[in-house]
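Novice: PDB, C-alpha atoms and all ligand atoms, saved as data_7.pdb, coming up:
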```
ATOM      1  CA  MET A  11     -12.252 -12.471  56.475
ATOM      2  CA  SER A  12     -10.187  -9.262  56.577
ATOM      3  CA  LEU A  13     -11.175  -6.298  58.784
ATOM      4  CA  GLN A  14     -12.338  -4.354  55.729
ATOM      5  CA  ALA A  15     -14.378  -7.282  54.368
ATOM      6  CA  LEU A  16     -16.005  -7.796  57.761
ATOM      7  CA  LYS A  17     -16.985  -4.114  57.959
ATOM      8  CA  LEU A  18     -18.504  -4.216  54.472
ATOM      9  CA  ASP A  19     -20.438  -7.353  55.345
ATOM     10  CA  PHE A  20     -21.756  -5.765  58.592
ATOM     11  CA  LYS A  21     -22.797  -2.643  56.653
ATOM     12  CA  LYS A  22     -24.775  -4.762  54.228
ATOM     13  CA  GLN A  23     -26.436  -6.784  56.969
ATOM     14  CA  LEU A  24     -27.391  -3.709  59.013
ATOM     15  CA  ALA A  25     -28.379  -1.402  56.145
ATOM     16  CA  ASP A  26     -32.103  -1.959  56.741
ATOM     17  CA  VAL A  27     -31.862  -1.244  60.456
ATOM     18  CA  TYR A  28     -29.743   1.950  60.600
ATOM     19  CA  GLU A  29     -29.235   5.129  58.523
ATOM     20  CA  SER A  30     -25.872   5.116  56.803
ATOM     21  CA  ILE A  31     -24.230   7.909  58.881
ATOM     22  CA  GLU A  32     -25.366   6.342  62.159
ATOM     23  CA  LEU A  33     -24.225   2.918  60.960
ATOM     24  CA  ASN A  34     -20.731   4.180  60.083
ATOM     25  CA  SER A  35     -20.358   5.657  63.525
ATOM     26  CA  LEU A  36     -21.713   2.516  65.272
ATOM     27  CA  LEU A  37     -19.305   0.298  63.365
ATOM     28  CA  ALA A  38     -16.376   2.606  64.085
ATOM     29  CA  ILE A  39     -17.135   2.354  67.830
ATOM     30  CA  LEU A  40     -17.715  -1.411  67.682
ATOM     31  CA  PHE A  41     -14.557  -2.251  65.719
ATOM     32  CA  GLU A  42     -12.461   0.006  67.928
ATOM     33  CA  HIS A  43     -13.901  -1.713  71.005
ATOM     34  CA  VAL A  44     -13.139  -5.200  69.664
ATOM     35  CA  THR A  45      -9.751  -4.588  68.004
ATOM     36  CA  GLY A  46      -8.437  -1.815  70.239
ATOM     37  CA  TRP A  47      -7.471   0.073  67.049
ATOM     38  CA  ASN A  48      -8.636   3.626  66.465
ATOM     39  CA  GLN A  49     -10.017   4.691  63.054
ATOM     40  CA  LEU A  50      -6.596   5.421  61.586
ATOM     41  CA  GLN A  51      -5.127   2.156  62.857
ATOM     42  CA  GLN A  52      -8.146   0.295  61.447
ATOM     43  CA  ALA A  53      -7.492   1.885  58.038
ATOM     44  CA  ILE A  54      -3.818   0.899  58.196
ATOM     45  CA  ASN A  55      -4.755  -2.651  59.248
ATOM     46  CA  LYS A  56      -7.660  -3.058  56.842
ATOM     47  CA  ASP A  57      -6.267  -6.347  55.462
ATOM     48  CA  ALA A  58      -5.612  -7.856  58.898
ATOM     49  CA  GLU A  59      -7.394 -11.077  59.868
ATOM     50  CA  LEU A  60      -8.984 -10.957  63.335
ATOM     51  CA  ASN A  61      -8.531 -13.763  65.834
ATOM     52  CA  GLU A  62     -11.239 -16.247  66.810
ATOM     53  CA  LYS A  63     -12.249 -14.400  69.979
ATOM     54  CA  GLN A  64     -12.584 -11.081  68.136
ATOM     55  CA  ASN A  65     -14.649 -12.693  65.370
ATOM     56  CA  ALA A  66     -16.987 -14.278  67.915
ATOM     57  CA  GLN A  67     -17.347 -10.954  69.760
ATOM     58  CA  LEU A  68     -18.202  -9.184  66.497
ATOM     59  CA  LEU A  69     -20.795 -11.774  65.486
ATOM     60  CA  GLU A  70     -22.493 -11.481  68.862
ATOM     61  CA  ALA A  71     -22.483  -7.694  68.524
ATOM     62  CA  LEU A  72     -23.915  -7.926  64.994
ATOM     63  CA  ASP A  73     -26.817  -9.938  66.325
ATOM     64  CA  ALA A  74     -27.396  -7.433  69.134
ATOM     65  CA  LEU A  75     -27.267  -4.485  66.714
ATOM     66  CA  LYS A  76     -29.843  -6.195  64.492
ATOM     67  CA  LYS A  77     -32.168  -6.359  67.505
ATOM     68  CA  GLY A  78     -31.578  -2.648  68.199
ATOM     69  CA  MET A  79     -29.414  -2.943  71.296
ATOM     70  CA  PRO A  80     -27.726   0.419  71.982
ATOM     71  CA  ILE A  81     -24.002   0.336  71.195
ATOM     72  CA  GLN A  82     -23.252   1.496  74.768
ATOM     73  CA  TYR A  83     -24.710  -1.750  76.175
ATOM     74  CA  ILE A  84     -22.702  -3.754  73.632
ATOM     75  CA  THR A  85     -19.395  -2.101  74.524
ATOM     76  CA  GLY A  86     -20.400  -1.592  78.195
ATOM     77  CA  LYS A  87     -19.251   2.030  78.008
ATOM     78  CA  ALA A  88     -20.807   5.482  77.723
ATOM     79  CA  TRP A  89     -19.357   8.981  77.871
ATOM     80  CA  PHE A  90     -20.616  11.670  80.242
ATOM     81  CA  MET A  91     -18.989  15.071  80.717
ATOM     82  CA  GLY A  92     -15.699  13.863  79.306
ATOM     83  CA  ASN A  93     -15.464  10.693  81.384
ATOM     84  CA  GLU A  94     -16.066   7.083  80.473
ATOM     85  CA  PHE A  95     -18.751   5.343  82.541
ATOM     86  CA  LYS A  96     -19.423   1.636  82.744
ATOM     87  CA  VAL A  97     -23.031   0.815  81.814
ATOM     88  CA  ASP A  98     -25.112  -2.351  81.743
ATOM     89  CA  GLU A  99     -28.775  -3.292  81.517
ATOM     90  CA  ASN A 100     -29.374  -2.042  85.079
ATOM     91  CA  VAL A 101     -28.678   1.593  84.254
ATOM     92  CA  LEU A 102     -29.912   4.273  81.916
ATOM     93  CA  ILE A 103     -27.368   5.352  79.312
ATOM     94  CA  PRO A 104     -26.338   8.879  80.385
ATOM     95  CA  ARG A 105     -27.773  11.529  78.039
ATOM     96  CA  PRO A 106     -26.320  14.831  76.785
ATOM     97  CA  GLU A 107     -29.278  16.792  78.228
ATOM     98  CA  THR A 108     -28.294  15.539  81.686
ATOM     99  CA  GLU A 109     -24.890  17.179  81.149
ATOM    100  CA  GLU A 110     -26.754  20.488  80.890
ATOM    101  CA  LEU A 111     -28.374  19.796  84.281
ATOM    102  CA  VAL A 112     -24.959  19.119  85.825
ATOM    103  CA  ASP A 113     -23.537  22.256  84.167
ATOM    104  CA  TRP A 114     -26.284  24.355  85.756
ATOM    105  CA  ILE A 115     -25.489  22.978  89.228
ATOM    106  CA  ILE A 116     -21.763  23.577  88.759
ATOM    107  CA  GLU A 117     -22.496  27.141  87.626
ATOM    108  CA  TYR A 118     -24.679  27.671  90.730
ATOM    109  CA  ALA A 119     -22.094  26.106  93.085
ATOM    110  CA  HIS A 120     -19.371  28.372  91.714
ATOM    111  CA  ILE A 121     -21.535  31.421  92.461
ATOM    112  CA  ILE A 122     -22.225  30.234  96.030
ATOM    113  CA  ASP A 123     -18.531  29.402  96.412
ATOM    114  CA  LYS A 124     -18.633  27.274  99.575
ATOM    115  CA  PRO A 125     -18.536  23.502 100.146
ATOM    116  CA  LEU A 126     -22.080  22.247  99.574
ATOM    117  CA  GLN A 127     -23.928  19.115 100.643
ATOM    118  CA  ILE A 128     -25.531  17.623  97.544
ATOM    119  CA  LEU A 129     -27.898  14.653  97.172
ATOM    120  CA  ASP A 130     -28.671  13.000  93.814
ATOM    121  CA  ILE A 131     -31.889  10.957  93.744
ATOM    122  CA  GLY A 132     -32.061   8.132  91.173
ATOM    123  CA  SER A 133     -28.349   7.952  90.428
ATOM    124  CA  GLY A 134     -28.360   5.100  87.858
ATOM    125  CA  SER A 135     -24.789   4.816  86.527
ATOM    126  CA  GLY A 136     -23.765   7.498  89.021
ATOM    127  CA  CYS A 137     -23.104   9.978  86.238
ATOM    128  CA  ILE A 138     -24.602  13.016  88.028
ATOM    129  CA  PRO A 139     -23.015  12.681  91.500
ATOM    130  CA  ILE A 140     -19.676  11.533  90.087
ATOM    131  CA  ALA A 141     -19.480  14.381  87.541
ATOM    132  CA  LEU A 142     -20.397  16.822  90.339
ATOM    133  CA  LYS A 143     -17.747  15.445  92.681
ATOM    134  CA  LEU A 144     -15.077  15.652  89.977
ATOM    135  CA  ALA A 145     -16.015  19.274  89.213
ATOM    136  CA  LEU A 146     -16.654  20.316  92.830
ATOM    137  CA  PRO A 147     -14.196  18.268  94.928
ATOM    138  CA  ASN A 148     -14.919  20.239  98.125
ATOM    139  CA  CYS A 149     -18.605  19.352  98.095
ATOM    140  CA  MET A 150     -19.997  16.359 100.031
ATOM    141  CA  ILE A 151     -22.021  14.293  97.602
ATOM    142  CA  ALA A 152     -24.510  11.485  98.188
ATOM    143  CA  GLY A 153     -26.280   9.333  95.622
ATOM    144  CA  LEU A 154     -29.429   7.275  96.084
ATOM    145  CA  ASP A 155     -31.200   4.676  93.960
ATOM    146  CA  ILE A 156     -33.826   2.007  94.481
ATOM    147  CA  SER A 157     -31.956  -0.443  92.257
ATOM    148  CA  GLU A 158     -29.240  -2.658  93.719
ATOM    149  CA  GLY A 159     -27.935  -3.378  90.204
ATOM    150  CA  ALA A 160     -27.663   0.323  89.407
ATOM    151  CA  LEU A 161     -25.871   1.089  92.678
ATOM    152  CA  LYS A 162     -23.355  -1.662  91.962
ATOM    153  CA  ILE A 163     -22.440   0.014  88.658
ATOM    154  CA  ALA A 164     -22.475   3.494  90.234
ATOM    155  CA  LYS A 165     -20.029   2.342  92.922
ATOM    156  CA  GLN A 166     -17.714   0.812  90.316
ATOM    157  CA  ASN A 167     -17.767   4.043  88.310
ATOM    158  CA  ALA A 168     -17.081   6.136  91.403
ATOM    159  CA  SER A 169     -14.161   3.954  92.386
ATOM    160  CA  HIS A 170     -12.733   3.928  88.844
ATOM    161  CA  LEU A 171     -13.014   7.717  88.566
ATOM    162  CA  ASN A 172     -11.792   8.354  92.141
ATOM    163  CA  ALA A 173     -14.952  10.128  93.244
ATOM    164  CA  ASP A 174     -15.778   9.853  96.930
ATOM    165  CA  ILE A 175     -19.576   9.537  97.144
ATOM    166  CA  SER A 176     -21.898   8.201  99.886
ATOM    167  CA  TRP A 177     -24.381   5.751  98.412
ATOM    168  CA  MET A 178     -27.818   4.760  99.709
ATOM    169  CA  GLN A 179     -30.307   2.196  98.470
ATOM    170  CA  GLU A 180     -33.780   3.663  99.063
ATOM    171  CA  ASP A 181     -37.195   3.876  97.462
ATOM    172  CA  ILE A 182     -37.625   7.643  97.445
ATOM    173  CA  LEU A 183     -41.386   7.307  97.035
ATOM    174  CA  ASN A 184     -41.540   5.577 100.407
ATOM    175  CA  THR A 185     -38.858   7.499 102.266
ATOM    176  CA  THR A 186     -39.690   9.927 105.013
ATOM    177  CA  TYR A 187     -36.162  10.277 106.373
ATOM    178  CA  LEU A 188     -32.942  11.581 104.805
ATOM    179  CA  PRO A 189     -29.688  11.389 106.787
ATOM    180  CA  ASN A 190     -28.791  15.039 106.353
ATOM    181  CA  GLN A 191     -29.768  18.576 105.366
ATOM    182  CA  PHE A 192     -28.767  19.323 101.767
ATOM    183  CA  ASP A 193     -27.894  22.553  99.974
ATOM    184  CA  ILE A 194     -28.833  20.931  96.675
ATOM    185  CA  ILE A 195     -31.091  18.001  95.884
ATOM    186  CA  VAL A 196     -30.870  16.956  92.246
ATOM    187  CA  SER A 197     -32.786  14.316  90.350
ATOM    188  CA  ASN A 198     -33.299  13.000  86.850
ATOM    189  CA  PRO A 199     -36.236  10.835  87.890
ATOM    190  CA  PRO A 200     -38.312   8.456  85.790
ATOM    191  CA  TYR A 201     -40.768  10.752  83.967
ATOM    192  CA  ILE A 202     -42.213   8.993  80.929
ATOM    193  CA  PRO A 203     -45.858   7.938  81.373
ATOM    194  CA  PHE A 204     -46.297   4.235  80.508
ATOM    195  CA  LYS A 205     -48.780   5.112  77.772
ATOM    196  CA  GLU A 206     -45.949   6.745  75.742
ATOM    197  CA  ASN A 207     -44.215   3.369  75.517
ATOM    198  CA  VAL A 208     -45.850   2.680  72.146
ATOM    199  CA  ASN A 209     -44.232   5.722  70.478
ATOM    200  CA  MET A 210     -40.744   5.092  71.822
ATOM    201  CA  GLN A 211     -37.694   3.871  69.904
ATOM    202  CA  VAL A 212     -37.045   0.114  70.193
ATOM    203  CA  GLN A 213     -33.488   0.916  71.367
ATOM    204  CA  VAL A 214     -34.869   2.666  74.447
ATOM    205  CA  LYS A 215     -37.984   0.720  75.395
ATOM    206  CA  ASN A 216     -36.597  -2.782  74.766
ATOM    207  CA  PHE A 217     -33.189  -2.305  76.345
ATOM    208  CA  GLU A 218     -33.099   0.473  78.940
ATOM    209  CA  PRO A 219     -34.441  -0.438  82.411
ATOM    210  CA  ALA A 220     -38.180   0.274  82.697
ATOM    211  CA  ILE A 221     -37.710   1.367  86.321
ATOM    212  CA  ALA A 222     -35.445   4.174  85.100
ATOM    213  CA  LEU A 223     -37.850   5.398  82.431
ATOM    214  CA  PHE A 224     -41.483   5.025  83.341
ATOM    215  CA  VAL A 225     -44.007   6.442  85.773
ATOM    216  CA  THR A 226     -47.706   5.728  86.115
ATOM    217  CA  ASN A 227     -50.049   7.387  83.632
ATOM    218  CA  GLU A 228     -52.192   8.502  86.574
ATOM    219  CA  ASP A 229     -49.463  10.486  88.340
ATOM    220  CA  PRO A 230     -46.490  11.229  86.053
ATOM    221  CA  LEU A 231     -45.190  14.001  88.361
ATOM    222  CA  ILE A 232     -45.064  11.805  91.460
ATOM    223  CA  PHE A 233     -41.260  11.961  91.809
ATOM    224  CA  TYR A 234     -41.231  15.782  91.599
ATOM    225  CA  ARG A 235     -44.017  16.130  94.181
ATOM    226  CA  THR A 236     -42.368  13.642  96.543
ATOM    227  CA  ILE A 237     -38.953  15.295  96.305
ATOM    228  CA  ALA A 238     -40.488  18.770  96.705
ATOM    229  CA  ARG A 239     -42.193  17.508  99.886
ATOM    230  CA  LEU A 240     -38.897  16.085 101.208
ATOM    231  CA  GLY A 241     -37.171  19.335 100.235
ATOM    232  CA  LYS A 242     -39.310  21.255 102.694
ATOM    233  CA  GLN A 243     -37.775  19.242 105.504
ATOM    234  CA  TYR A 244     -34.298  18.437 104.199
ATOM    235  CA  LEU A 245     -33.181  21.483 102.210
ATOM    236  CA  SER A 246     -30.915  23.820 104.161
ATOM    237  CA  SER A 247     -31.793  27.535 104.100
ATOM    238  CA  ASN A 248     -31.408  28.810 100.512
ATOM    239  CA  GLY A 249     -31.336  25.162  99.404
ATOM    240  CA  GLN A 250     -32.127  24.390  95.778
ATOM    241  CA  LEU A 251     -33.809  21.578  93.892
ATOM    242  CA  PHE A 252     -32.583  20.787  90.370
ATOM    243  CA  PHE A 253     -34.420  18.420  88.031
ATOM    244  CA  GLU A 254     -34.395  17.030  84.546
ATOM    245  CA  MET A 255     -37.910  16.740  83.091
ATOM    246  CA  HIS A 256     -40.028  15.652  80.162
ATOM    247  CA  TYR A 257     -40.054  18.459  77.580
ATOM    248  CA  ASP A 258     -43.832  18.882  77.746
ATOM    249  CA  GLN A 259     -44.156  18.930  81.546
ATOM    250  CA  GLY A 260     -42.794  22.473  81.992
ATOM    251  CA  LYS A 261     -46.110  24.221  82.597
ATOM    252  CA  ALA A 262     -47.451  21.482  84.871
ATOM    253  CA  LEU A 263     -44.240  21.447  86.907
ATOM    254  CA  LEU A 264     -44.145  25.244  87.317
ATOM    255  CA  ALA A 265     -47.722  25.043  88.650
ATOM    256  CA  LEU A 266     -46.871  22.126  90.950
ATOM    257  CA  PHE A 267     -43.832  23.846  92.475
ATOM    258  CA  ASP A 268     -45.706  27.132  92.871
ATOM    259  CA  GLU A 269     -48.536  25.346  94.675
ATOM    260  CA  MET A 270     -46.020  23.627  96.958
ATOM    261  CA  GLY A 271     -44.413  26.918  97.981
ATOM    262  CA  TYR A 272     -41.407  27.040  95.636
ATOM    263  CA  HIS A 273     -40.156  29.562  93.070
ATOM    264  CA  ALA A 274     -39.221  27.542  89.987
ATOM    265  CA  GLU A 275     -37.535  28.362  86.698
ATOM    266  CA  LEU A 276     -37.018  26.327  83.546
ATOM    267  CA  ARG A 277     -34.102  26.056  81.167
ATOM    268  CA  GLN A 278     -34.223  24.710  77.643
ATOM    269  CA  ASP A 279     -31.983  22.047  76.138
ATOM    270  CA  MET A 280     -29.846  22.471  73.011
ATOM    271  CA  PHE A 281     -32.983  21.847  70.915
ATOM    272  CA  GLY A 282     -34.899  24.672  72.617
ATOM    273  CA  LYS A 283     -37.156  22.317  74.605
ATOM    274  CA  ASP A 284     -37.943  22.779  78.304
ATOM    275  CA  ARG A 285     -35.707  20.207  79.910
ATOM    276  CA  ILE A 286     -34.293  21.307  83.263
ATOM    277  CA  LEU A 287     -35.802  23.033  86.269
ATOM    278  CA  ARG A 288     -34.533  24.722  89.393
ATOM    279  CA  ALA A 289     -36.692  25.443  92.429
ATOM    280  CA  SER A 290     -36.167  27.073  95.816
ATOM    281  CA  LEU A 291     -38.583  27.630  98.672
ATOM    282  CA  LYS A 292     -40.401  30.965  98.675
ATOM    283  CA  LYS A 293     -39.279  33.190 101.588
TER     284      LYS A 293
HETATM  285  C1  LIG B 301     -34.009   8.456  84.490
HETATM  286  S1  LIG B 301     -32.985   7.377  85.446
HETATM  287  C2  LIG B 301     -31.651   8.496  85.788
HETATM  288  C3  LIG B 301     -30.325   7.812  85.954
HETATM  289  C4  LIG B 301     -29.138   8.780  86.050
HETATM  290  N1  LIG B 301     -29.319   9.728  87.134
HETATM  291  C5  LIG B 301     -28.965   9.527  84.757
HETATM  292  O1  LIG B 301     -29.264  10.729  84.712
HETATM  293  O2  LIG B 301     -28.537   8.907  83.764
HETATM  294  C6  LIG B 301     -33.887   7.269  86.951
HETATM  295  C7  LIG B 301     -33.231   6.476  88.085
HETATM  296  O3  LIG B 301     -34.148   6.472  89.189
HETATM  297  C8  LIG B 301     -34.126   5.207  89.820
HETATM  298  N2  LIG B 301     -35.413   5.036  90.496
HETATM  299  C9  LIG B 301     -36.602   4.640  89.977
HETATM  300  N3  LIG B 301     -37.548   4.594  90.922
HETATM  301  C10 LIG B 301     -36.944   4.975  92.084
HETATM  302  C11 LIG B 301     -37.405   5.119  93.434
HETATM  303  N4  LIG B 301     -38.679   4.889  93.753
HETATM  304  N5  LIG B 301     -36.518   5.516  94.370
HETATM  305  C12 LIG B 301     -35.213   5.756  94.045
HETATM  306  N6  LIG B 301     -34.727   5.629  92.789
HETATM  307  C13 LIG B 301     -35.581   5.252  91.822
HETATM  308  C14 LIG B 301     -33.897   4.222  88.687
HETATM  309  O4  LIG B 301     -33.359   3.006  89.172
HETATM  310  C15 LIG B 301     -32.957   5.016  87.773
HETATM  311  O5  LIG B 301     -31.622   4.708  88.073
END
```
What's the structure tokens form of this structure?
Specialist:
Amino acid sequence: MSLQALKLDFKKQLADVYESIELNSLLAILFEHVTGWNQLQQAINKDAELNEKQNAQLLEALDALKKGMPIQYITGKAWFMGNEFKVDENVLIPRPETEELVDWIIEYAHIIDKPLQILDIGSGSGCIPIALKLALPNCMIAGLDISEGALKIAKQNASHLNADISWMQEDILNTTYLPNQFDIIVSNPPYIPFKENVNMQVQVKNFEPAIALFVTNEDPLIFYRTIARLGKQYLSSNGQLFFEMHYDQGKALLALFDEMGYHAELRQDMFGKDRILRASLKK
């Protein structure tokens, strides 16, 4: 079958699963990944026959797309702050709202204008610490995750992107010791209560790692409270905490940080929803 015929066939087979605009963009990414041809080259080569390996790769991807697997897990790649990151089933796919969190830290670091010690808790693919290191090369950056599989990917991404990061495998909920004082502790922790699982998109709940997404229904703010407690001991003077959060936890988090002796402020994402938070200890 020619490239064009294959694309038409895929469109037909996936029409019930995806909206047409989304489907066009998924197929553009998939065919570029398999053929190595960009959109223009694909148009020029529309009558080309693909080889056996490419056809097999496409059929496997078609099956995965039918089941709702995110395209990033099919291609093994995701973009974050202009860089390509390797992803697999051990890591969350980096999100655009997390770029806003990183932007806020970069903005803050530029104001402070000195080399900072920064710790990222729950690094996943490594997108936060690596993007920070690339933007703030004079800062010392550490990344921590409970997941061995995630750290393996994070290390590969750091090496590929030439970002010098110190990595630690720790369960932050059971950690009482950090190896340093930090000027900034940042985290995009798991924050979705398990009970919300039923309302979530198949693409997220069936494919992204549960350990990256969910917290107990009984204590959905446990990561924030734990990190705020550690911050009291391990933040340097004027140290700052930065977090990503569930859009409807803003009020509860402001109350939690206030109670724990921090000033906290929220920022909204591009959709106007509370999404990121900064906190520093009250003087
Ligand atoms: C929401 S994901 C964030 C991943 C990445 N920072 C990002 O923004 O794409 C949360 C991360 O926290 C890690 N994590 C979950 N429980 C943890 C724990 N108790 N201690 C340390 N890391 C944990 C998960 O493995 C996952 O990589």
Novice: Hey, could you make a per-residue contact list for chain A against ligand LIG 301 (chain B) with 7 Å as the cut-off, showing the nearest pair of atoms and its distance in Å to one decimal, counting only C-alpha atoms and all ligand atoms, sorted by chain and number, as a Markdown table?
Specialist:
```
| residue | atom | partner | partner_atom | distance |
| --- | --- | --- | --- | --- |
| A:Val101 | CA | B:LIG301 | O5 | 5.7 |
| A:Leu102 | CA | B:LIG301 | O2 | 5.2 |
| A:Ile103 | CA | B:LIG301 | O2 | 5.8 |
| A:Pro104 | CA | B:LIG301 | O2 | 4.0 |
| A:Arg105 | CA | B:LIG301 | O2 | 6.3 |
| A:Thr108 | CA | B:LIG301 | O1 | 5.8 |
| A:Ile131 | CA | B:LIG301 | N6 | 6.1 |
| A:Gly132 | CA | B:LIG301 | O3 | 3.3 |
| A:Ser133 | CA | B:LIG301 | N1 | 3.9 |
| A:Gly134 | CA | B:LIG301 | O5 | 3.3 |
| A:Ser135 | CA | B:LIG301 | C4 | 5.9 |
| A:Gly136 | CA | B:LIG301 | C4 | 6.3 |
| A:Cys137 | CA | B:LIG301 | C5 | 6.1 |
| A:Ile138 | CA | B:LIG301 | N1 | 5.8 |
| A:Leu154 | CA | B:LIG301 | C12 | 6.3 |
| A:Asp155 | CA | B:LIG301 | N6 | 3.8 |
| A:Ile156 | CA | B:LIG301 | C12 | 4.0 |
| A:Ser157 | CA | B:LIG301 | O4 | 4.8 |
| A:Ala160 | CA | B:LIG301 | O5 | 6.1 |
| A:Glu180 | CA | B:LIG301 | C12 | 5.6 |
| A:Asp181 | CA | B:LIG301 | N5 | 3.6 |
| A:Ile182 | CA | B:LIG301 | N5 | 3.9 |
| A:Leu183 | CA | B:LIG301 | N4 | 4.9 |
| A:Ser197 | CA | B:LIG301 | N1 | 6.6 |
| A:Asn198 | CA | B:LIG301 | C2 | 4.9 |
| A:Pro199 | CA | B:LIG301 | C6 | 4.4 |
| A:Pro200 | CA | B:LIG301 | C1 | 4.5 |
| A:Ile221 | CA | B:LIG301 | C9 | 5.0 |
| A:Ala222 | CA | B:LIG301 | C15 | 3.7 |
| A:Leu223 | CA | B:LIG301 | C1 | 5.3 |
```
Novice: By how many Å are CA of Leu129 in chain A and CA of Gly153 in chain A apart?
Specialist: 5.8 Å
Novice: Taking into account only C-alpha atoms, which residue in the set A:Asn227, A:Asn216, A:Gln278, A:Gln243 is nearest to Pro80 in chain A?
Specialist: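 Closest candidate: A:Asn216.
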Novice: Between CA of Leu75 in chain A and CA of Gln14 in chain A, measure the distance and give it in Å to one decimal.
Specialist: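 CA of Gln14 in chain A lies 18.5 Å from CA of Leu75 in chain A.
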Novice: Considering only C-alpha atoms, can you say which of A:Thr185, A:Gln211, A:Ser290, A:Asn93 comes closest to Asn172 in chain A?
Specialist: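 The closest residue to Asn172 in chain A is A:Asn93.
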Novice: Just give me the gap between CA of Phe192 in chain A and CA of Phe252 in chain A in Å, one decimal is fine.
Specialist: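 That distance, rounded to one decimal, is 12.1 Å.
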Novice: Taking every listed atom of range 85-88 of chain A and adding 6 Å to each side, what centre and edge lengths in Å (one decimal) does the axis-aligned box have, as JSON?
Specialist:
```
{"center_x": -20.0, "center_y": 1.7, "center_z": 76.4, "size_x": 13.6, "size_y": 19.6, "size_z": 15.7}
```
Novice: I'd like the neighbourhood of Leu291 in chain A as a list of chain:residue names, where a residue qualifies if any of its atoms comes within 10 Å (using all atoms listed in the file), though same-chain residues fewer than 5 positions away should be ignored.
Specialist: A:Ala238, A:Gly241, A:Lys242, A:Leu245, A:Ser247, A:Asn248, A:Gly249, A:Gln250, A:Leu251, A:Phe267, A:Asp268, A:Met270, A:Gly271, A:Tyr272, A:His273, A:Ala274
Novice: Suppose a student applies the PyMOL selection byres (((chain A and resi 33) around 12) and not hetatm) to this structure; what residues should they get, written as a list in words?
Specialist: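 So the PyMOL selection byres (((chain A and resi 33) around 12) and not hetatm), applied here, picks out Lys17, Leu18, Phe20, Lys21, Lys22, Gln23, Leu24, Ala25, Asp26, Val27, Tyr28, Glu29, Ser30, Ile31, Glu32, Asn34, Ser35, Leu36, Leu37, Ala38, Ile39, Leu40, Phe41, Leu72, Leu75, Lys76, Gly78, Pro80 and Ile81 of chain A.
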Novice: Put those residues in a file: C-alpha atoms, as a compact mmCIF listing (two decimals), keeping the file's coordinate frame.
Specialist:
```txt
# COMPACT_ATOMS: atom_id res chain seq x y z
CA LYS A 17 -16.98 -4.11 57.96
CA LEU A 18 -18.50 -4.22 54.47
CA PHE A 20 -21.76 -5.76 58.59
CA LYS A 21 -22.80 -2.64 56.65
CA LYS A 22 -24.78 -4.76 54.23
CA GLN A 23 -26.44 -6.78 56.97
CA LEU A 24 -27.39 -3.71 59.01
CA ALA A 25 -28.38 -1.40 56.14
CA ASP A 26 -32.10 -1.96 56.74
CA VAL A 27 -31.86 -1.24 60.46
CA TYR A 28 -29.74 1.95 60.60
CA GLU A 29 -29.24 5.13 58.52
CA SER A 30 -25.87 5.12 56.80
CA ILE A 31 -24.23 7.91 58.88
CA GLU A 32 -25.37 6.34 62.16
CA ASN A 34 -20.73 4.18 60.08
CA SER A 35 -20.36 5.66 63.52
CA LEU A 36 -21.71 2.52 65.27
CA LEU A 37 -19.30 0.30 63.36
CA ALA A 38 -16.38 2.61 64.08
CA ILE A 39 -17.14 2.35 67.83
CA LEU A 40 -17.72 -1.41 67.68
CA PHE A 41 -14.56 -2.25 65.72
CA LEU A 72 -23.92 -7.93 64.99
CA LEU A 75 -27.27 -4.49 66.71
CA LYS A 76 -29.84 -6.20 64.49
CA GLY A 78 -31.58 -2.65 68.20
CA PRO A 80 -27.73 0.42 71.98
CA ILE A 81 -24.00 0.34 71.19
```
Novice: Carefully work through the PyMOL selection byres (((chain A and resi 97) around 7) and not hetatm) for this structure and note down the residues it includes, as number ranges by chain.
Specialist: A: 83, 86-88, 95-96, 98, 101, 103, 135, 163
Novice: Could you check which of A:Leu263, A:Ile202, A:Ile286, A:Leu144 is closest to Gly92 in chain A, using only C-alpha atoms?
Specialist: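 Comparing A:Leu263, A:Ile202, A:Ile286, A:Leu144 against Gly92 in chain A, the winner is A:Leu144.
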Novice: Write out as an mmCIF file with C-alpha atoms, keeping the file's coordinate frame each polymer residue whose atoms come within 10 Å of Ala15 in chain A, counting all atoms listed in the file; drop sequence neighbours fewer than 6 positions from it.
Specialist:
```cif
data_model
loop_
_atom_site.group_PDB
_atom_site.id
_atom_site.type_symbol
_atom_site.label_atom_id
_atom_site.label_comp_id
_atom_site.auth_asym_id
_atom_site.auth_seq_id
_atom_site.Cartn_x
_atom_site.Cartn_y
_atom_site.Cartn_z
ATOM 1 C CA LYS A 21 -22.797 -2.643 56.653
ATOM 2 C CA LYS A 56 -7.660 -3.058 56.842
ATOM 3 C CA ASP A 57 -6.267 -6.347 55.462
ATOM 4 C CA ALA A 58 -5.612 -7.856 58.898
ATOM 5 C CA GLU A 59 -7.394 -11.077 59.868
#
```
Novice: Could you tell me which residues the PyMOL selection byres (((chain A and resi 259-262) around 9) and not hetatm) grabs in this file, written as a PyMOL selection string?
Specialist: chain A and resi 231+255-258+263-267+276+284-287
